[in-house]
Amino acid sequence: MSLFTILISALLVNNFVLVRFLGICPFMGVSKEVDSAIGMGLATTFVMVVTAAATWLIQWFILEPLGLPFLQNMAFILVIAAMVQLVELFLHKTSPALYRAMGIFLPLITTNCAILGFAIMGVQNSYSFIETVIFGLGAGLGFTLALVLMAGIREDLRFADIPKPLRGVGIAFILAGLLSLAFGGFAGLV
Amino acid sequence: MVLWKDLIRGLWAENPTFRLNIGLCPVLAVTTSAINGVSMGVATTFVLVCSSALISLLKRIIPDKVRIPAYIIVIATFVTIVDLVMHAYLPDLHSVLGLFIPLIVVNCIVLGRAEAFAAKNSVVRSAVDGLGMGLGFTWALTLLGSIREILGAGSFFGHALVAEGTTTLGIMSLPPGAFITLGILMAVMNMVSARQKRKVS
Amino acid sequence: MNESLRMVVVLAVIAMVSAGILSVVYGTTSVIIEENAARALESSVYDVLPQATKVDIIRRSADELGVDDPKEMREQEQRTTLIYQGINDQDQVIGYAFVGEANGYGGVVRILVGVDEATDEILNIKVLAHTETPGLGSRIEDESFRSRFVGKTVEDPIAVNQDIDNLSGATISARAVADAVRQGFVDTAAVYRGGE
């Protein structure tokens, strides 16, 4: 598969949130305002690209040569937690402005299943180093796209007259369903 | 009495799916059929009960500052055991649930119960709490899976309900069907609990 | 005990105990997992070669290439085709089975094809894996579609709208199956006909 195909596939055709159902919790939780959606999306994308590199190295230079594939899950989740900490420290030191914008989202990213999910998928697909990084970039941008689209709709929804039981998560899921239907149109692109 | 309350809390009042809205990824992803929903629920329940019990047992030994990594290691161990055992003895089911078995590690329910309940309560109560939460998660998955299987594939637990060749609502088996069904179910659950509250007051 | 030393010791002990337990579980389950995977593909081979009573692998590419690195081996395995030989109860080779792959609407479509030894005609095909749309593309699994490939030889075009009737509403899925069958057929026929 070419790098471009991997990118488009992760971004649109097999969108992580709307088609693969990964990262639903932050998708529902942080999609009330466009600004915070962009912040969360970019922070997640950043962590994804960094973990892509880290998990690839761990898988092919530690776990496989030592014959420890059964420790994959544990190693990856600990690496992701550590990476989130590192990114937080790094941003804090180098770019206080960026840290203020993304900081509050960073601790939430560890338990975002999109990150662990994409790391495991990257291994299952036997992607090379570059492919894994591009896959992470596509997955992160796809997550951001879904989050921002959803936030845009939900901002407008504040003025709509929604039946009482549907308010909150109910209507959000139906909206996500319609978005997912729209993304279904990308199927067959690659 | 206390144990009974711990058990039923997860089934309705604090149902992880419908009331707390956590751990939703597998709820949407694996519920294309009722049997998938049940299996995913049982796998998650096993992890919840074991990790809650063990974390409660270790709560005095684990230093406060490193409790989260320690919990994650305990949870990841049980998840990997479930993953390997299912792969060996239930290969068909394992291939359907696929990625979402290892992802139980990051299911907010498991870490959430460890942090909020098991770290503060006795071993027995923690295990019962895990069981209650797991069963609450399981019935939510089974309900969603049943609805989607009946409408999308025209069958229930694999038994065909309609004649072969009948056009079914294929969209229910696809991602949009999952989102829309869950959205409507959330609204129904809200209506039921609103009615309950009105009765009480 | 020193506070930070205690943290390190506790974490290390937990991690070691868990790694120990997992390696035991892995040791017992990995054997079964491998057996299952081999048996699953073998039983599919019996589906496409109904007369066979025994199945042999006649060419395992990764072994032949002598690749040791597991990652490289996995890549090689994905690129090359395994060929199975169906043998009847009189120890005669009655047919070959191979896997073909092509891109469909939702992702890769994997097809197992059984070919008769004597006539070189397709006996049956089986869809091993696909992610096509349920209700539309998923009809490639139906007997009525799969039977359209029976009797084709490597000389036939094996293409949708030529000698294979289209599946209405699922052209891309049908084309993927035809591509997978033709490509696998062309790649492997040379191998098992040429030199064994």
# chains A, B, ... in the order shown; residues from 1 in each chain; ligands from 1
call {"tool": "residues_around", "arguments": {"residues": "region 78-82 of chain A", "least_positions_apart": "4", "cutoff": "8 Å", "atoms": "only C-alpha atoms", "output": "mmCIF file with N, CA and C atoms, in the first residue's frame"}}
result
data_model
loop_
_atom_site.group_PDB
_atom_site.id
_atom_site.type_symbol
_atom_site.label_atom_id
_atom_site.label_comp_id
_atom_site.auth_asym_id
_atom_site.auth_seq_id
_atom_site.Cartn_x
_atom_site.Cartn_y
_atom_site.Cartn_z
ATOM 1 N N THR A 51 3.692 8.145 19.510
ATOM 2 C CA THR A 51 3.567 6.740 19.927
ATOM 3 C C THR A 51 3.754 5.800 18.747
ATOM 4 N N ALA A 54 7.351 5.179 18.692
ATOM 5 C CA ALA A 54 7.808 4.441 19.873
ATOM 6 C C ALA A 54 7.328 2.983 19.839
ATOM 7 N N THR A 55 6.049 2.768 19.511
ATOM 8 C CA THR A 55 5.531 1.396 19.545
ATOM 9 C C THR A 55 6.149 0.558 18.442
ATOM 10 N N MET A 74 0.475 -4.806 27.217
ATOM 11 C CA MET A 74 0.955 -4.114 28.403
ATOM 12 C C MET A 74 2.039 -3.101 28.055
ATOM 13 N N LEU A 86 5.587 12.603 28.711
ATOM 14 C CA LEU A 86 6.719 13.281 28.077
ATOM 15 C C LEU A 86 6.251 14.478 27.269
ATOM 16 N N THR A 110 -4.471 9.210 27.439
ATOM 17 C CA THR A 110 -3.976 7.867 27.757
ATOM 18 C C THR A 110 -5.059 6.810 27.572
ATOM 19 N N ILE A 115 -5.780 5.332 20.364
ATOM 20 C CA ILE A 115 -4.310 5.305 20.319
ATOM 21 C C ILE A 115 -3.783 3.883 20.458
ATOM 22 N N LEU A 116 -4.259 3.168 21.498
ATOM 23 C CA LEU A 116 -3.830 1.772 21.647
ATOM 24 C C LEU A 116 -4.303 0.965 20.431
ATOM 25 N N PRO B 69 -0.192 3.331 37.215
ATOM 26 C CA PRO B 69 0.550 2.317 36.434
ATOM 27 C C PRO B 69 0.385 0.911 37.002
ATOM 28 N N ILE B 72 -2.896 -0.399 35.876
ATOM 29 C CA ILE B 72 -2.882 -0.700 34.434
ATOM 30 C C ILE B 72 -2.194 -2.045 34.187
#
call {"tool": "closest_atom_pairs", "arguments": {"of": "chain A", "to": "chain B", "cutoff": "10 Å", "atoms": "only C-alpha atoms", "output": "tab-separated table"}}
result
residue	atom	partner	partner_atom	distance
A:Val17	CA	B:Cys25	CA	9.0
A:Leu18	CA	B:Pro175	CA	7.1
A:Val19	CA	B:Pro175	CA	5.7
A:Arg20	CA	B:Ala29	CA	7.0
A:Phe21	CA	B:Cys25	CA	5.5
A:Leu22	CA	B:Cys25	CA	5.8
A:Gly23	CA	B:Cys25	CA	6.7
A:Ile24	CA	B:Cys25	CA	5.5
A:Cys25	CA	B:Leu24	CA	6.5
A:Pro26	CA	B:Ile22	CA	9.9
A:Met28	CA	B:Asn21	CA	9.1
A:Gly29	CA	B:Asn21	CA	9.5
A:Phe70	CA	B:Thr80	CA	7.1
A:Leu71	CA	B:Thr80	CA	7.9
A:Gln72	CA	B:Thr80	CA	8.9
A:Asn73	CA	B:Pro102	CA	6.6
A:Met74	CA	B:Ala76	CA	5.4
A:Ala75	CA	B:Ile73	CA	9.2
A:Ile77	CA	B:Ile72	CA	7.9
A:Leu78	CA	B:Pro69	CA	7.4
A:Ala81	CA	B:Pro69	CA	8.4
A:Ala82	CA	B:Pro69	CA	9.8
A:Thr110	CA	B:Val106	CA	8.0
A:Thr111	CA	B:Val106	CA	5.0
A:Asn112	CA	B:Val106	CA	6.9
A:Cys113	CA	B:Val106	CA	5.7
A:Ala114	CA	B:Leu103	CA	9.1
A:Ile115	CA	B:Val106	CA	9.7
A:Leu116	CA	B:Leu103	CA	7.1
A:Gly117	CA	B:Leu103	CA	6.7
A:Phe118	CA	B:Leu99	CA	9.5
A:Ile120	CA	B:Leu99	CA	7.7
A:Met121	CA	B:Leu99	CA	7.8
A:Gln124	CA	B:Leu99	CA	9.8
A:Pro163	CA	B:Ala187	CA	9.1
A:Lys164	CA	B:Ala187	CA	8.4
A:Pro165	CA	B:Ala187	CA	4.7
A:Leu166	CA	B:Ala187	CA	4.7
A:Arg167	CA	B:Ala187	CA	7.8
A:Gly168	CA	B:Ala187	CA	9.3
A:Val169	CA	B:Gly183	CA	7.1
A:Gly170	CA	B:Gly183	CA	4.2
A:Ile171	CA	B:Gly183	CA	6.2
A:Ala172	CA	B:Gly183	CA	7.2
A:Phe173	CA	B:Gly183	CA	4.6
A:Ile174	CA	B:Ile180	CA	4.5
A:Leu175	CA	B:Ile180	CA	7.8
A:Ala176	CA	B:Phe179	CA	6.2
A:Gly177	CA	B:Pro176	CA	4.2
A:Leu178	CA	B:Pro176	CA	6.5
A:Leu179	CA	B:Pro176	CA	7.8
A:Ser180	CA	B:Pro176	CA	5.2
A:Leu181	CA	B:Pro176	CA	5.4
A:Ala182	CA	B:Pro176	CA	9.0
A:Phe183	CA	B:Pro176	CA	9.4
A:Gly184	CA	B:Pro176	CA	8.5
call {"tool": "select_by_dssp", "arguments": {"residues": "chain C", "states": "helix (DSSP H, G or I)", "output": "ChimeraX atom specification"}}
result
/C:3-48,61-65,70-79,137-141,143-149,171-194
call {"tool": "interface_residues", "arguments": {"of": "chain C", "to": "chain B", "cutoff": "7 Å", "atoms": "only C-alpha atoms", "output": "PyMOL selection string"}}
result
chain C and resi 7+10-11+15+18+22+25-26+29+32-33+134-135
call {"tool": "write_last_selection", "arguments": {"atoms": "C-alpha atoms", "output": "CSV table (one decimal), in the first residue's frame"}}
result
chain,number,residue,atom,x,y,z
C,7,MET,CA,7.5,2.5,44.7
C,10,VAL,CA,6.4,-2.7,44.3
C,11,LEU,CA,6.0,-1.8,40.6
C,15,ALA,CA,5.3,-6.3,36.6
C,18,SER,CA,2.4,-10.5,35.7
C,22,LEU,CA,1.5,-14.4,31.1
C,25,VAL,CA,-0.5,-18.8,29.8
C,26,TYR,CA,1.1,-18.0,26.5
C,29,THR,CA,-2.2,-21.4,24.5
C,32,ILE,CA,-3.4,-24.5,20.4
C,33,ILE,CA,-3.7,-21.2,18.6
C,134,PRO,CA,-23.5,-6.5,4.3
C,135,GLY,CA,-26.5,-7.3,2.0
call {"tool": "residues_around", "arguments": {"residues": "region 176-192 of chain C", "least_positions_apart": "5", "cutoff": "7 Å", "atoms": "only C-alpha atoms", "output": "PDB file with all heavy atoms, in the first residue's frame"}}
result
ATOM      1  N   PHE C  98      -5.377 -22.820  -3.804  1.00  0.00           N
ATOM      2  CA  PHE C  98      -4.502 -21.674  -3.540  1.00  0.00           C
ATOM      3  C   PHE C  98      -5.346 -20.485  -3.116  1.00  0.00           C
ATOM      4  O   PHE C  98      -6.559 -20.466  -3.301  1.00  0.00           O
ATOM      5  CB  PHE C  98      -3.667 -21.328  -4.776  1.00  0.00           C
ATOM      6  CG  PHE C  98      -4.495 -21.128  -6.008  1.00  0.00           C
ATOM      7  CD1 PHE C  98      -5.094 -19.906  -6.253  1.00  0.00           C
ATOM      8  CD2 PHE C  98      -4.689 -22.171  -6.918  1.00  0.00           C
ATOM      9  CE1 PHE C  98      -5.879 -19.721  -7.375  1.00  0.00           C
ATOM     10  CE2 PHE C  98      -5.476 -21.983  -8.041  1.00  0.00           C
ATOM     11  CZ  PHE C  98      -6.068 -20.765  -8.269  1.00  0.00           C
ATOM     12  N   VAL C  99      -4.672 -19.481  -2.532  1.00  0.00           N
ATOM     13  CA  VAL C  99      -5.355 -18.280  -2.053  1.00  0.00           C
ATOM     14  C   VAL C  99      -5.049 -17.126  -3.001  1.00  0.00           C
ATOM     15  O   VAL C  99      -3.914 -16.938  -3.412  1.00  0.00           O
ATOM     16  CB  VAL C  99      -4.891 -17.918  -0.628  1.00  0.00           C
ATOM     17  CG1 VAL C  99      -5.548 -16.635  -0.150  1.00  0.00           C
ATOM     18  CG2 VAL C  99      -5.191 -19.050   0.336  1.00  0.00           C
ATOM     19  N   GLY C 100      -6.078 -16.386  -3.383  1.00  0.00           N
ATOM     20  CA  GLY C 100      -5.890 -15.185  -4.187  1.00  0.00           C
ATOM     21  C   GLY C 100      -6.446 -13.985  -3.428  1.00  0.00           C
ATOM     22  O   GLY C 100      -7.394 -14.123  -2.657  1.00  0.00           O
ATOM     23  N   GLU C 101      -5.827 -12.828  -3.641  1.00  0.00           N
ATOM     24  CA  GLU C 101      -6.283 -11.615  -2.948  1.00  0.00           C
ATOM     25  C   GLU C 101      -6.475 -10.462  -3.925  1.00  0.00           C
ATOM     26  O   GLU C 101      -5.739 -10.335  -4.882  1.00  0.00           O
ATOM     27  CB  GLU C 101      -5.241 -11.162  -1.918  1.00  0.00           C
ATOM     28  CG  GLU C 101      -5.197 -11.998  -0.676  1.00  0.00           C
ATOM     29  CD  GLU C 101      -4.242 -11.406   0.354  1.00  0.00           C
ATOM     30  OE1 GLU C 101      -3.559 -10.416   0.038  1.00  0.00           O
ATOM     31  OE2 GLU C 101      -4.217 -11.960   1.446  1.00  0.00           O
ATOM     32  N   ALA C 102      -7.491  -9.633  -3.653  1.00  0.00           N
ATOM     33  CA  ALA C 102      -7.660  -8.412  -4.442  1.00  0.00           C
ATOM     34  C   ALA C 102      -8.401  -7.397  -3.585  1.00  0.00           C
ATOM     35  O   ALA C 102      -9.037  -7.759  -2.591  1.00  0.00           O
ATOM     36  CB  ALA C 102      -8.449  -8.705  -5.714  1.00  0.00           C
ATOM     37  N   ASN C 103      -8.325  -6.130  -3.956  1.00  0.00           N
ATOM     38  CA  ASN C 103      -9.010  -5.084  -3.204  1.00  0.00           C
ATOM     39  C   ASN C 103     -10.460  -4.968  -3.631  1.00  0.00           C
ATOM     40  O   ASN C 103     -10.753  -4.803  -4.817  1.00  0.00           O
ATOM     41  CB  ASN C 103      -8.312  -3.734  -3.414  1.00  0.00           C
ATOM     42  CG  ASN C 103      -7.145  -3.577  -2.484  1.00  0.00           C
ATOM     43  OD1 ASN C 103      -7.192  -4.045  -1.335  1.00  0.00           O
ATOM     44  ND2 ASN C 103      -6.091  -2.946  -2.961  1.00  0.00           N
ATOM     45  N   GLY C 104     -11.366  -5.052  -2.673  1.00  0.00           N
ATOM     46  CA  GLY C 104     -12.780  -4.891  -2.974  1.00  0.00           C
ATOM     47  C   GLY C 104     -13.241  -3.508  -2.599  1.00  0.00           C
ATOM     48  O   GLY C 104     -12.464  -2.549  -2.632  1.00  0.00           O
ATOM     49  N   VAL C 109     -10.160  -8.717  -0.257  1.00  0.00           N
ATOM     50  CA  VAL C 109     -11.002  -9.906  -0.371  1.00  0.00           C
ATOM     51  C   VAL C 109     -10.066 -11.089  -0.578  1.00  0.00           C
ATOM     52  O   VAL C 109      -9.212 -11.061  -1.463  1.00  0.00           O
ATOM     53  CB  VAL C 109     -11.957  -9.778  -1.582  1.00  0.00           C
ATOM     54  CG1 VAL C 109     -12.750 -11.059  -1.776  1.00  0.00           C
ATOM     55  CG2 VAL C 109     -12.883  -8.603  -1.397  1.00  0.00           C
ATOM     56  N   ILE C 111      -9.722 -15.118  -1.341  1.00  0.00           N
ATOM     57  CA  ILE C 111     -10.499 -16.208  -1.920  1.00  0.00           C
ATOM     58  C   ILE C 111      -9.632 -17.467  -1.977  1.00  0.00           C
ATOM     59  O   ILE C 111      -8.463 -17.407  -2.372  1.00  0.00           O
ATOM     60  CB  ILE C 111     -10.928 -15.875  -3.373  1.00  0.00           C
ATOM     61  CG1 ILE C 111     -11.575 -14.490  -3.439  1.00  0.00           C
ATOM     62  CG2 ILE C 111     -11.847 -16.954  -3.934  1.00  0.00           C
ATOM     63  CD1 ILE C 111     -12.953 -14.410  -2.897  1.00  0.00           C
ATOM     64  N   VAL C 113      -9.275 -21.023  -3.873  1.00  0.00           N
ATOM     65  CA  VAL C 113      -9.750 -21.610  -5.125  1.00  0.00           C
ATOM     66  C   VAL C 113      -9.274 -23.064  -5.193  1.00  0.00           C
ATOM     67  O   VAL C 113      -8.109 -23.350  -4.894  1.00  0.00           O
ATOM     68  CB  VAL C 113      -9.195 -20.830  -6.340  1.00  0.00           C
ATOM     69  CG1 VAL C 113      -9.776 -21.369  -7.640  1.00  0.00           C
ATOM     70  CG2 VAL C 113      -9.480 -19.352  -6.198  1.00  0.00           C
ATOM     71  N   VAL C 154      -7.403 -21.711 -16.571  1.00  0.00           N
ATOM     72  CA  VAL C 154      -6.488 -20.570 -16.538  1.00  0.00           C
ATOM     73  C   VAL C 154      -6.466 -19.827 -17.878  1.00  0.00           C
ATOM     74  O   VAL C 154      -6.068 -18.664 -17.955  1.00  0.00           O
ATOM     75  CB  VAL C 154      -5.072 -21.036 -16.097  1.00  0.00           C
ATOM     76  CG1 VAL C 154      -4.367 -21.785 -17.213  1.00  0.00           C
ATOM     77  CG2 VAL C 154      -4.227 -19.883 -15.595  1.00  0.00           C
ATOM     78  N   ILE C 158     -11.793 -14.995 -17.056  1.00  0.00           N
ATOM     79  CA  ILE C 158     -12.247 -14.831 -15.667  1.00  0.00           C
ATOM     80  C   ILE C 158     -12.384 -13.351 -15.312  1.00  0.00           C
ATOM     81  O   ILE C 158     -11.649 -12.797 -14.476  1.00  0.00           O
ATOM     82  CB  ILE C 158     -11.337 -15.542 -14.648  1.00  0.00           C
ATOM     83  CG1 ILE C 158     -11.038 -16.979 -15.107  1.00  0.00           C
ATOM     84  CG2 ILE C 158     -12.003 -15.600 -13.251  1.00  0.00           C
ATOM     85  CD1 ILE C 158     -10.233 -17.798 -14.125  1.00  0.00           C
ATOM     86  N   ALA C 159     -13.311 -12.672 -15.976  1.00  0.00           N
ATOM     87  CA  ALA C 159     -13.524 -11.258 -15.715  1.00  0.00           C
ATOM     88  C   ALA C 159     -15.017 -10.984 -15.714  1.00  0.00           C
ATOM     89  O   ALA C 159     -15.775 -11.599 -16.479  1.00  0.00           O
ATOM     90  CB  ALA C 159     -12.818 -10.411 -16.765  1.00  0.00           C
ATOM     91  N   VAL C 160     -15.436 -10.065 -14.859  1.00  0.00           N
ATOM     92  CA  VAL C 160     -16.840  -9.701 -14.763  1.00  0.00           C
ATOM     93  C   VAL C 160     -17.287  -9.076 -16.082  1.00  0.00           C
ATOM     94  O   VAL C 160     -16.541  -8.335 -16.714  1.00  0.00           O
ATOM     95  CB  VAL C 160     -17.046  -8.717 -13.588  1.00  0.00           C
ATOM     96  CG1 VAL C 160     -18.438  -8.105 -13.611  1.00  0.00           C
ATOM     97  CG2 VAL C 160     -16.800  -9.434 -12.279  1.00  0.00           C
TER      98      VAL C 160
END
call {"tool": "atom_distance", "arguments": {"atom1": "CA of Ser147 (chain C)", "atom2": "CA of Ile87 (chain C)"}}
result
22.9 Å
call {"tool": "closest_atom_pairs", "arguments": {"of": "chain A", "to": "chain C", "cutoff": "9 Å", "atoms": "only C-alpha atoms", "output": "CSV"}}
result
residue,atom,partner,partner_atom,distance
A:Val13,CA,C:Gly106,CA,8.5
A:Asn14,CA,C:Gly106,CA,8.8
A:Trp60,CA,C:Lys71,CA,7.4
A:Glu64,CA,C:Pro70,CA,7.4
A:Pro65,CA,C:Pro70,CA,8.2
A:Leu68,CA,C:Ser23,CA,8.1
A:Phe70,CA,C:Tyr26,CA,6.7
A:Leu71,CA,C:Ala19,CA,7.3
A:Ser126,CA,C:Glu75,CA,6.9
A:Ala187,CA,C:Gly106,CA,6.2
A:Gly188,CA,C:Tyr105,CA,4.4
A:Leu189,CA,C:Tyr105,CA,7.9
A:Val190,CA,C:Tyr105,CA,8.0
call {"tool": "select_by_dssp", "arguments": {"residues": "region 61-180 of chain B", "states": "strand (DSSP E or B)", "output": "PyMOL selection string"}}
result
chain B and resi 155-156+159-160
